[in-house]
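Participant: One file is attached below, upload.pdb, containing PDB, C-alpha atoms.
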```pdb
ATOM      1  CA  GLN A 809      11.057 -14.448  11.081  1.00  0.00           C
ATOM      2  CA  THR A 810       7.695 -12.744  10.685  1.00  0.00           C
ATOM      3  CA  VAL A 811       5.096 -13.870  13.204  1.00  0.00           C
ATOM      4  CA  VAL A 812       1.404 -13.390  12.470  1.00  0.00           C
ATOM      5  CA  THR A 813      -0.788 -13.368  15.544  1.00  0.00           C
ATOM      6  CA  GLN A 814      -4.385 -14.531  15.878  1.00  0.00           C
ATOM      7  CA  GLU A 815      -6.575 -15.157  18.897  1.00  0.00           C
ATOM      8  CA  SER A 816      -6.471 -18.844  19.804  1.00  0.00           C
ATOM      9  CA  SER A 817     -10.220 -19.158  20.287  1.00  0.00           C
ATOM     10  CA  PHE A 818     -13.495 -17.279  20.355  1.00  0.00           C
ATOM     11  CA  SER A 819     -16.987 -18.217  21.414  1.00  0.00           C
ATOM     12  CA  VAL A 820     -20.068 -16.606  19.907  1.00  0.00           C
ATOM     13  CA  SER A 821     -23.791 -17.119  20.441  1.00  0.00           C
ATOM     14  CA  PRO A 822     -25.992 -18.074  17.503  1.00  0.00           C
ATOM     15  CA  GLY A 823     -27.017 -14.844  15.813  1.00  0.00           C
ATOM     16  CA  GLY A 824     -24.210 -12.950  17.491  1.00  0.00           C
ATOM     17  CA  THR A 825     -21.274 -11.053  16.065  1.00  0.00           C
ATOM     18  CA  VAL A 826     -17.612 -11.851  16.451  1.00  0.00           C
ATOM     19  CA  THR A 827     -14.518 -10.115  15.112  1.00  0.00           C
ATOM     20  CA  LEU A 828     -11.323 -12.087  14.667  1.00  0.00           C
ATOM     21  CA  THR A 829      -8.072 -10.214  14.228  1.00  0.00           C
ATOM     22  CA  CYS A 830      -4.763 -10.895  12.534  1.00  0.00           C
ATOM     23  CA  GLY A 831      -1.722  -8.838  13.420  1.00  0.00           C
ATOM     24  CA  LEU A 832       2.022  -8.733  13.195  1.00  0.00           C
ATOM     25  CA  ARG A 833       4.189  -9.274  16.253  1.00  0.00           C
ATOM     26  CA  SER A 834       6.194  -6.293  15.072  1.00  0.00           C
ATOM     27  CA  GLY A 835       4.567  -3.690  12.877  1.00  0.00           C
ATOM     28  CA  SER A 836       1.151  -2.704  11.613  1.00  0.00           C
ATOM     29  CA  VAL A 837      -0.977  -4.445   9.026  1.00  0.00           C
ATOM     30  CA  SER A 838      -2.066  -2.524   5.960  1.00  0.00           C
ATOM     31  CA  THR A 839      -3.827  -3.370   2.727  1.00  0.00           C
ATOM     32  CA  SER A 840      -0.421  -3.777   1.089  1.00  0.00           C
ATOM     33  CA  TYR A 841      -0.194  -7.137   2.840  1.00  0.00           C
ATOM     34  CA  TYR A 842      -3.269  -8.258   0.853  1.00  0.00           C
ATOM     35  CA  PRO A 843      -4.878  -9.974   3.862  1.00  0.00           C
ATOM     36  CA  SER A 844      -6.955 -13.033   3.055  1.00  0.00           C
ATOM     37  CA  TRP A 845      -9.026 -15.303   5.295  1.00  0.00           C
ATOM     38  CA  TYR A 846      -9.763 -19.037   5.143  1.00  0.00           C
ATOM     39  CA  GLN A 847     -12.231 -21.272   6.943  1.00  0.00           C
ATOM     40  CA  GLN A 848     -11.413 -24.881   7.741  1.00  0.00           C
ATOM     41  CA  THR A 849     -13.538 -27.430   9.523  1.00  0.00           C
ATOM     42  CA  PRO A 850     -11.732 -30.511  10.889  1.00  0.00           C
ATOM     43  CA  GLY A 851     -10.900 -33.007   8.173  1.00  0.00           C
ATOM     44  CA  GLN A 852     -11.847 -30.606   5.397  1.00  0.00           C
ATOM     45  CA  THR A 853      -9.957 -28.580   2.833  1.00  0.00           C
ATOM     46  CA  PRO A 854      -9.610 -24.849   3.581  1.00  0.00           C
ATOM     47  CA  ARG A 855     -12.217 -22.604   2.009  1.00  0.00           C
ATOM     48  CA  THR A 856     -11.396 -19.086   0.897  1.00  0.00           C
ATOM     49  CA  LEU A 857     -13.618 -16.465   2.535  1.00  0.00           C
ATOM     50  CA  ILE A 858     -11.992 -13.059   1.991  1.00  0.00           C
ATOM     51  CA  TYR A 859      -9.228 -11.812  -0.298  1.00  0.00           C
ATOM     52  CA  ASN A 860      -7.553  -8.430  -0.750  1.00  0.00           C
ATOM     53  CA  THR A 861      -8.600  -7.300   2.734  1.00  0.00           C
ATOM     54  CA  ASN A 862     -12.358  -7.071   2.188  1.00  0.00           C
ATOM     55  CA  SER A 863     -13.476  -8.858  -0.982  1.00  0.00           C
ATOM     56  CA  ARG A 864     -15.702 -11.887  -0.464  1.00  0.00           C
ATOM     57  CA  ALA A 865     -14.896 -15.000  -2.426  1.00  0.00           C
ATOM     58  CA  SER A 866     -17.542 -16.444  -4.698  1.00  0.00           C
ATOM     59  CA  GLY A 867     -20.394 -18.034  -2.807  1.00  0.00           C
ATOM     60  CA  VAL A 868     -19.400 -16.676   0.600  1.00  0.00           C
ATOM     61  CA  PRO A 869     -22.370 -15.342   2.586  1.00  0.00           C
ATOM     62  CA  ASP A 870     -22.403 -11.617   3.278  1.00  0.00           C
ATOM     63  CA  ARG A 871     -22.350 -12.251   7.010  1.00  0.00           C
ATOM     64  CA  PHE A 872     -18.588 -12.582   6.536  1.00  0.00           C
ATOM     65  CA  SER A 873     -16.701  -9.325   6.059  1.00  0.00           C
ATOM     66  CA  GLY A 874     -13.081  -8.253   6.106  1.00  0.00           C
ATOM     67  CA  SER A 875     -11.462  -4.996   7.119  1.00  0.00           C
ATOM     68  CA  ILE A 876      -8.483  -3.299   8.726  1.00  0.00           C
ATOM     69  CA  VAL A 877      -9.176  -2.411  12.353  1.00  0.00           C
ATOM     70  CA  GLY A 878      -6.499  -0.343  13.983  1.00  0.00           C
ATOM     71  CA  ASN A 879      -3.225  -1.988  13.063  1.00  0.00           C
ATOM     72  CA  LYS A 880      -4.689  -5.429  12.333  1.00  0.00           C
ATOM     73  CA  ALA A 881      -6.670  -7.216   9.668  1.00  0.00           C
ATOM     74  CA  ALA A 882     -10.081  -8.323  10.856  1.00  0.00           C
ATOM     75  CA  LEU A 883     -12.728 -10.872   9.922  1.00  0.00           C
ATOM     76  CA  THR A 884     -16.218 -10.191  11.244  1.00  0.00           C
ATOM     77  CA  ILE A 885     -19.000 -12.745  11.333  1.00  0.00           C
ATOM     78  CA  THR A 886     -22.359 -11.003  11.762  1.00  0.00           C
ATOM     79  CA  GLY A 887     -25.264 -13.230  12.676  1.00  0.00           C
ATOM     80  CA  ALA A 888     -23.211 -16.337  13.417  1.00  0.00           C
ATOM     81  CA  GLN A 889     -24.695 -19.684  12.482  1.00  0.00           C
ATOM     82  CA  ALA A 890     -23.959 -23.154  13.802  1.00  0.00           C
ATOM     83  CA  ASP A 891     -22.052 -24.149  10.686  1.00  0.00           C
ATOM     84  CA  ASP A 892     -19.673 -21.219  11.162  1.00  0.00           C
ATOM     85  CA  GLU A 893     -18.038 -23.263  13.900  1.00  0.00           C
ATOM     86  CA  SER A 894     -14.590 -23.778  12.343  1.00  0.00           C
ATOM     87  CA  ASP A 895     -10.969 -22.772  12.413  1.00  0.00           C
ATOM     88  CA  TYR A 896     -10.173 -19.474  10.709  1.00  0.00           C
ATOM     89  CA  TYR A 897      -6.784 -18.548   9.288  1.00  0.00           C
ATOM     90  CA  CYS A 898      -5.448 -15.302   7.910  1.00  0.00           C
ATOM     91  CA  VAL A 899      -2.646 -14.985   5.371  1.00  0.00           C
ATOM     92  CA  PHE A 900      -0.416 -12.015   4.622  1.00  0.00           C
ATOM     93  CA  TYR A 901       1.664 -11.540   1.506  1.00  0.00           C
ATOM     94  CA  LEU A 902       4.983 -10.159   2.801  1.00  0.00           C
ATOM     95  CA  GLY A 903       6.428  -9.319  -0.592  1.00  0.00           C
ATOM     96  CA  SER A 904       9.376 -10.929  -2.387  1.00  0.00           C
ATOM     97  CA  GLY A 905       7.198 -13.934  -3.084  1.00  0.00           C
ATOM     98  CA  ILE A 906       6.704 -14.881   0.558  1.00  0.00           C
ATOM     99  CA  SER A 907       3.381 -15.471   2.296  1.00  0.00           C
ATOM    100  CA  VAL A 908       2.707 -16.360   5.902  1.00  0.00           C
ATOM    101  CA  PHE A 909      -0.273 -17.851   7.720  1.00  0.00           C
ATOM    102  CA  GLY A 910      -1.518 -16.846  11.112  1.00  0.00           C
ATOM    103  CA  SER A 911      -1.774 -19.476  13.815  1.00  0.00           C
ATOM    104  CA  GLY A 912      -5.527 -19.798  13.441  1.00  0.00           C
ATOM    105  CA  THR A 913      -8.564 -19.040  15.605  1.00  0.00           C
ATOM    106  CA  LYS A 914     -11.018 -21.706  16.677  1.00  0.00           C
ATOM    107  CA  VAL A 915     -14.557 -20.332  16.682  1.00  0.00           C
ATOM    108  CA  THR A 916     -17.221 -22.065  18.721  1.00  0.00           C
ATOM    109  CA  VAL A 917     -20.888 -21.223  18.227  1.00  0.00           C
ATOM    110  CA  LEU A 918     -22.934 -21.935  21.346  1.00  0.00           C
TER     111      LEU A 918
ATOM    112  CA  ASP B  16     -14.698 -26.449 -12.119  1.00  0.00           C
ATOM    113  CA  VAL B  17     -11.193 -25.999 -10.775  1.00  0.00           C
ATOM    114  CA  ARG B  18      -9.767 -29.267  -9.526  1.00  0.00           C
ATOM    115  CA  LEU B  19      -6.446 -29.936  -7.841  1.00  0.00           C
ATOM    116  CA  VAL B  20      -5.442 -33.489  -6.958  1.00  0.00           C
ATOM    117  CA  GLU B  21      -2.291 -34.191  -4.966  1.00  0.00           C
ATOM    118  CA  SER B  22      -0.438 -37.489  -4.912  1.00  0.00           C
ATOM    119  CA  GLY B  23       2.928 -38.925  -3.966  1.00  0.00           C
ATOM    120  CA  GLY B  24       2.714 -38.841  -0.189  1.00  0.00           C
ATOM    121  CA  GLY B  25       3.719 -41.747   1.982  1.00  0.00           C
ATOM    122  CA  LEU B  26       6.018 -43.025   4.704  1.00  0.00           C
ATOM    123  CA  VAL B  27       9.692 -42.125   4.363  1.00  0.00           C
ATOM    124  CA  GLN B  28      12.660 -42.428   6.699  1.00  0.00           C
ATOM    125  CA  PRO B  29      14.435 -39.373   8.112  1.00  0.00           C
ATOM    126  CA  GLY B  30      16.920 -38.082   5.577  1.00  0.00           C
ATOM    127  CA  GLY B  31      14.937 -39.549   2.717  1.00  0.00           C
ATOM    128  CA  SER B  32      13.252 -37.943  -0.274  1.00  0.00           C
ATOM    129  CA  LEU B  33       9.801 -37.822  -1.791  1.00  0.00           C
ATOM    130  CA  ARG B  34       8.224 -36.118  -4.792  1.00  0.00           C
ATOM    131  CA  LEU B  35       4.709 -34.790  -4.522  1.00  0.00           C
ATOM    132  CA  SER B  36       2.535 -34.052  -7.545  1.00  0.00           C
ATOM    133  CA  CYS B  37      -0.544 -31.906  -8.011  1.00  0.00           C
ATOM    134  CA  ALA B  38      -2.640 -32.484 -11.130  1.00  0.00           C
ATOM    135  CA  ALA B  39      -4.657 -29.449 -12.159  1.00  0.00           C
ATOM    136  CA  SER B  40      -7.772 -29.198 -14.301  1.00  0.00           C
ATOM    137  CA  GLY B  41     -10.618 -26.801 -14.983  1.00  0.00           C
ATOM    138  CA  PHE B  42      -8.498 -23.683 -15.452  1.00  0.00           C
ATOM    139  CA  SER B  43      -5.623 -22.369 -17.522  1.00  0.00           C
ATOM    140  CA  PHE B  44      -2.852 -23.843 -15.385  1.00  0.00           C
ATOM    141  CA  SER B  45      -0.015 -22.096 -17.210  1.00  0.00           C
ATOM    142  CA  SER B  46      -1.487 -18.677 -16.383  1.00  0.00           C
ATOM    143  CA  TYR B  47      -1.461 -18.956 -12.600  1.00  0.00           C
ATOM    144  CA  TRP B  48       1.069 -18.928  -9.817  1.00  0.00           C
ATOM    145  CA  MET B  49       0.791 -21.983  -7.589  1.00  0.00           C
ATOM    146  CA  HIS B  50       1.543 -22.745  -3.933  1.00  0.00           C
ATOM    147  CA  TRP B  51       2.210 -25.561  -1.519  1.00  0.00           C
ATOM    148  CA  VAL B  52       0.849 -25.359   2.019  1.00  0.00           C
ATOM    149  CA  ARG B  53       1.230 -27.969   4.751  1.00  0.00           C
ATOM    150  CA  GLN B  54      -0.585 -28.869   7.931  1.00  0.00           C
ATOM    151  CA  VAL B  55       0.483 -31.120  10.736  1.00  0.00           C
ATOM    152  CA  PRO B  56      -2.641 -33.095  11.719  1.00  0.00           C
ATOM    153  CA  GLY B  57      -4.463 -31.143  14.398  1.00  0.00           C
ATOM    154  CA  LYS B  58      -2.295 -28.065  13.923  1.00  0.00           C
ATOM    155  CA  GLY B  59      -2.389 -24.913  11.781  1.00  0.00           C
ATOM    156  CA  LEU B  60      -1.772 -24.224   8.114  1.00  0.00           C
ATOM    157  CA  VAL B  61       1.777 -23.291   7.115  1.00  0.00           C
ATOM    158  CA  TRP B  62       2.824 -21.736   3.821  1.00  0.00           C
ATOM    159  CA  VAL B  63       5.633 -23.720   2.166  1.00  0.00           C
ATOM    160  CA  SER B  64       6.365 -22.549  -1.353  1.00  0.00           C
ATOM    161  CA  ARG B  65       5.263 -20.535  -4.391  1.00  0.00           C
ATOM    162  CA  ILE B  66       6.114 -20.751  -8.081  1.00  0.00           C
ATOM    163  CA  ASN B  67       5.442 -18.319 -10.896  1.00  0.00           C
ATOM    164  CA  VAL B  68       3.680 -19.141 -14.139  1.00  0.00           C
ATOM    165  CA  ASP B  69       6.645 -20.487 -16.082  1.00  0.00           C
ATOM    166  CA  GLY B  70       8.634 -21.896 -13.177  1.00  0.00           C
ATOM    167  CA  SER B  71      11.452 -19.370 -13.445  1.00  0.00           C
ATOM    168  CA  ASP B  72      10.835 -17.885  -9.980  1.00  0.00           C
ATOM    169  CA  THR B  73      10.414 -19.965  -6.842  1.00  0.00           C
ATOM    170  CA  TYR B  74      10.025 -18.983  -3.200  1.00  0.00           C
ATOM    171  CA  TYR B  75      10.211 -20.931   0.051  1.00  0.00           C
ATOM    172  CA  ALA B  76       9.524 -20.704   3.750  1.00  0.00           C
ATOM    173  CA  ASP B  77      12.707 -20.540   5.828  1.00  0.00           C
ATOM    174  CA  SER B  78      11.964 -23.963   7.310  1.00  0.00           C
ATOM    175  CA  VAL B  79      12.246 -25.750   3.952  1.00  0.00           C
ATOM    176  CA  ARG B  80      14.556 -23.545   1.873  1.00  0.00           C
ATOM    177  CA  GLY B  81      17.475 -25.564   0.571  1.00  0.00           C
ATOM    178  CA  ARG B  82      15.700 -28.891   1.143  1.00  0.00           C
ATOM    179  CA  PHE B  83      12.498 -28.590  -0.899  1.00  0.00           C
ATOM    180  CA  ALA B  84      12.182 -27.648  -4.566  1.00  0.00           C
ATOM    181  CA  VAL B  85       8.995 -26.619  -6.355  1.00  0.00           C
ATOM    182  CA  SER B  86       8.592 -27.030 -10.104  1.00  0.00           C
ATOM    183  CA  ARG B  87       5.865 -27.332 -12.695  1.00  0.00           C
ATOM    184  CA  ASP B  88       5.135 -28.916 -16.068  1.00  0.00           C
ATOM    185  CA  ASN B  89       2.655 -26.655 -17.825  1.00  0.00           C
ATOM    186  CA  ALA B  90       2.216 -29.072 -20.719  1.00  0.00           C
ATOM    187  CA  LYS B  91       1.048 -31.741 -18.266  1.00  0.00           C
ATOM    188  CA  LYS B  92      -0.758 -29.225 -16.008  1.00  0.00           C
ATOM    189  CA  THR B  93       1.106 -30.580 -13.022  1.00  0.00           C
ATOM    190  CA  LEU B  94       2.805 -28.968 -10.041  1.00  0.00           C
ATOM    191  CA  PHE B  95       5.564 -30.750  -8.147  1.00  0.00           C
ATOM    192  CA  LEU B  96       7.289 -30.500  -4.788  1.00  0.00           C
ATOM    193  CA  GLN B  97      10.546 -32.374  -4.311  1.00  0.00           C
ATOM    194  CA  LEU B  98      11.176 -33.037  -0.630  1.00  0.00           C
ATOM    195  CA  ASN B  99      14.771 -33.864   0.311  1.00  0.00           C
ATOM    196  CA  SER B 100      16.603 -34.357   3.607  1.00  0.00           C
ATOM    197  CA  LEU B 101      13.288 -35.014   5.284  1.00  0.00           C
ATOM    198  CA  ARG B 102      12.885 -34.573   9.023  1.00  0.00           C
ATOM    199  CA  ALA B 103      10.273 -35.759  11.479  1.00  0.00           C
ATOM    200  CA  GLU B 104       8.932 -32.219  11.658  1.00  0.00           C
ATOM    201  CA  ASP B 105       8.123 -32.335   7.943  1.00  0.00           C
ATOM    202  CA  THR B 106       5.377 -34.844   8.696  1.00  0.00           C
ATOM    203  CA  ALA B 107       2.195 -33.146   7.497  1.00  0.00           C
ATOM    204  CA  LEU B 108      -0.655 -33.077   5.030  1.00  0.00           C
ATOM    205  CA  TYR B 109       0.599 -31.201   1.962  1.00  0.00           C
ATOM    206  CA  PHE B 110      -1.902 -29.137  -0.027  1.00  0.00           C
ATOM    207  CA  CYS B 111      -1.398 -27.535  -3.398  1.00  0.00           C
ATOM    208  CA  ALA B 112      -3.302 -24.325  -4.011  1.00  0.00           C
ATOM    209  CA  LYS B 113      -3.960 -22.000  -6.918  1.00  0.00           C
ATOM    210  CA  GLU B 114      -3.180 -18.338  -6.488  1.00  0.00           C
ATOM    211  CA  GLY B 115      -5.921 -15.819  -7.166  1.00  0.00           C
ATOM    212  CA  ASP B 116      -5.563 -12.313  -8.491  1.00  0.00           C
ATOM    213  CA  TRP B 117      -4.677 -10.775  -5.122  1.00  0.00           C
ATOM    214  CA  ASN B 118      -1.946 -13.023  -3.701  1.00  0.00           C
ATOM    215  CA  ASP B 119      -4.673 -15.176  -2.159  1.00  0.00           C
ATOM    216  CA  LEU B 120      -5.257 -18.901  -2.461  1.00  0.00           C
ATOM    217  CA  ASP B 121      -8.521 -19.384  -4.302  1.00  0.00           C
ATOM    218  CA  ALA B 122      -8.604 -23.129  -4.855  1.00  0.00           C
ATOM    219  CA  TRP B 123      -7.208 -26.017  -2.837  1.00  0.00           C
ATOM    220  CA  GLY B 124      -6.581 -29.700  -3.329  1.00  0.00           C
ATOM    221  CA  GLN B 125      -7.479 -32.365  -0.781  1.00  0.00           C
ATOM    222  CA  GLY B 126      -3.884 -32.884   0.287  1.00  0.00           C
ATOM    223  CA  THR B 127      -1.424 -35.783   0.404  1.00  0.00           C
ATOM    224  CA  LEU B 128       0.018 -37.052   3.678  1.00  0.00           C
ATOM    225  CA  VAL B 129       3.759 -37.253   4.206  1.00  0.00           C
ATOM    226  CA  THR B 130       4.993 -39.175   7.236  1.00  0.00           C
ATOM    227  CA  VAL B 131       8.670 -39.036   8.152  1.00  0.00           C
ATOM    228  CA  SER B 132       9.529 -41.791  10.600  1.00  0.00           C
ATOM    229  CA  SER B 133      11.997 -44.597  11.104  1.00  0.00           C
TER     230      SER B 133
END
```
Could you render the structure as structure tokens?

Facilitator:
Amino acid sequence: QTVVTQESSFSVSPGGTVTLTCGLRSGSVSTSYYPSWYQQTPGQTPRTLIYNTNSRASGVPDRFSGSIVGNKAALTITGAQADDESDYYCVFYLGSGISVFGSGTKVTVL
Amino acid sequence: DVRLVESGGGLVQPGGSLRLSCAASGFSFSSYWMHWVRQVPGKGLVWVSRINVDGSDTYYADSVRGRFAVSRDNAKKTLFLQLNSLRAEDTALYFCAKEGDWNDLDAWGQGTLVTVSS
């Protein structure tokens, strides 16, 4: 069973920068996994932020960016704002029709 | 605007069955792959299933394969998830989601809650 790893939590100061990562317990992440990122605040529906590694979804502020860093997918928030305080999930497409979510990272802005 | 509305959730006993529906509007439903994702309240998102545009190919997470079945009615613009042999650990909020052009999930419904308990 493929396990996707994310940091459990991060804290960032308003205006600061934070990079969340998404890796595989065994193996390296590449663009062929089509990494995507989703933001979810408690009680709300997930919102798509990034697709295909580094493409921003419609309406997503440019302070959110996606990339591959080392052997992991990464989501960077540059100039964090209070309403960025949310849970963030990555998804990899493993091929053969199967996708898998990471365990999620809780971001606190304070 | 794209709209996805799930229904069919409820309380069911262990071993029971339930059929979830997801009514789609605002896009050409028959042209897009669709997904089901679930979330135990307070926990993370978990991918459940995917179906291709005409329903001929279906895919499942290991945890539900053989018990759940995804299908679609393109004429009625509706996605379904048949849940059989339900277990307590299947208790979750079930979301349907539309697939984008890059194996991403670009639109989500509000979810329907399934509770498996005696």

Participant: Give as a ChimeraX atom specification the residues that the ChimeraX specification (/B :<12) & /A matches when applied to the coordinates above.

Facilitator: /A:809-812,814,816,839-866,895-914

Participant: Figure out the distance between atom CA of Arg102 of chain B and atom CA of Gln54 of chain B, please, to one decimal in Å.

Facilitator: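 Atom CA of Arg102 of chain B lies at a distance of 14.7 Å from atom CA of Gln54 of chain B.
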
Participant: Let me have the centre and edge lengths in Å, one decimal, of the box along x, y and z around every listed atom of segment 875-890 of chain A with 6 Å of margin on each side, as lines of an AutoDock Vina configuration file.

Facilitator:
```
center_x = -14.2
center_y = -11.7
center_z = 10.6
size_x = 34.0
size_y = 34.8
size_z = 18.9
```

Participant: Rank nothing, just name the residue among A:Ala888, A:Leu828, A:Val820, A:Val917 nearest to Pro869 of chain A, using only C-alpha atoms.

Facilitator: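 That would be A:Ala888, the residue with the smallest distance to Pro869 of chain A.
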
Participant: Which residues are near Gly30 of chain B? Cut-off 10 Å, all atoms listed in the file, ignore same chain within fewer than 3 positions. Put them as a PDB file with C-alpha atoms, in the coordinates of the input.

Facilitator:
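For reference, result.pdb as written:
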```
ATOM      1  CA  VAL B  27       9.692 -42.125   4.363  1.00  0.00           C
ATOM      2  CA  LEU B  98      11.176 -33.037  -0.630  1.00  0.00           C
ATOM      3  CA  ASN B  99      14.771 -33.864   0.311  1.00  0.00           C
ATOM      4  CA  SER B 100      16.603 -34.357   3.607  1.00  0.00           C
ATOM      5  CA  LEU B 101      13.288 -35.014   5.284  1.00  0.00           C
ATOM      6  CA  ARG B 102      12.885 -34.573   9.023  1.00  0.00           C
ATOM      7  CA  ALA B 103      10.273 -35.759  11.479  1.00  0.00           C
ATOM      8  CA  VAL B 131       8.670 -39.036   8.152  1.00  0.00           C
ATOM      9  CA  SER B 132       9.529 -41.791  10.600  1.00  0.00           C
ATOM     10  CA  SER B 133      11.997 -44.597  11.104  1.00  0.00           C
TER      11      SER B 133
END
```
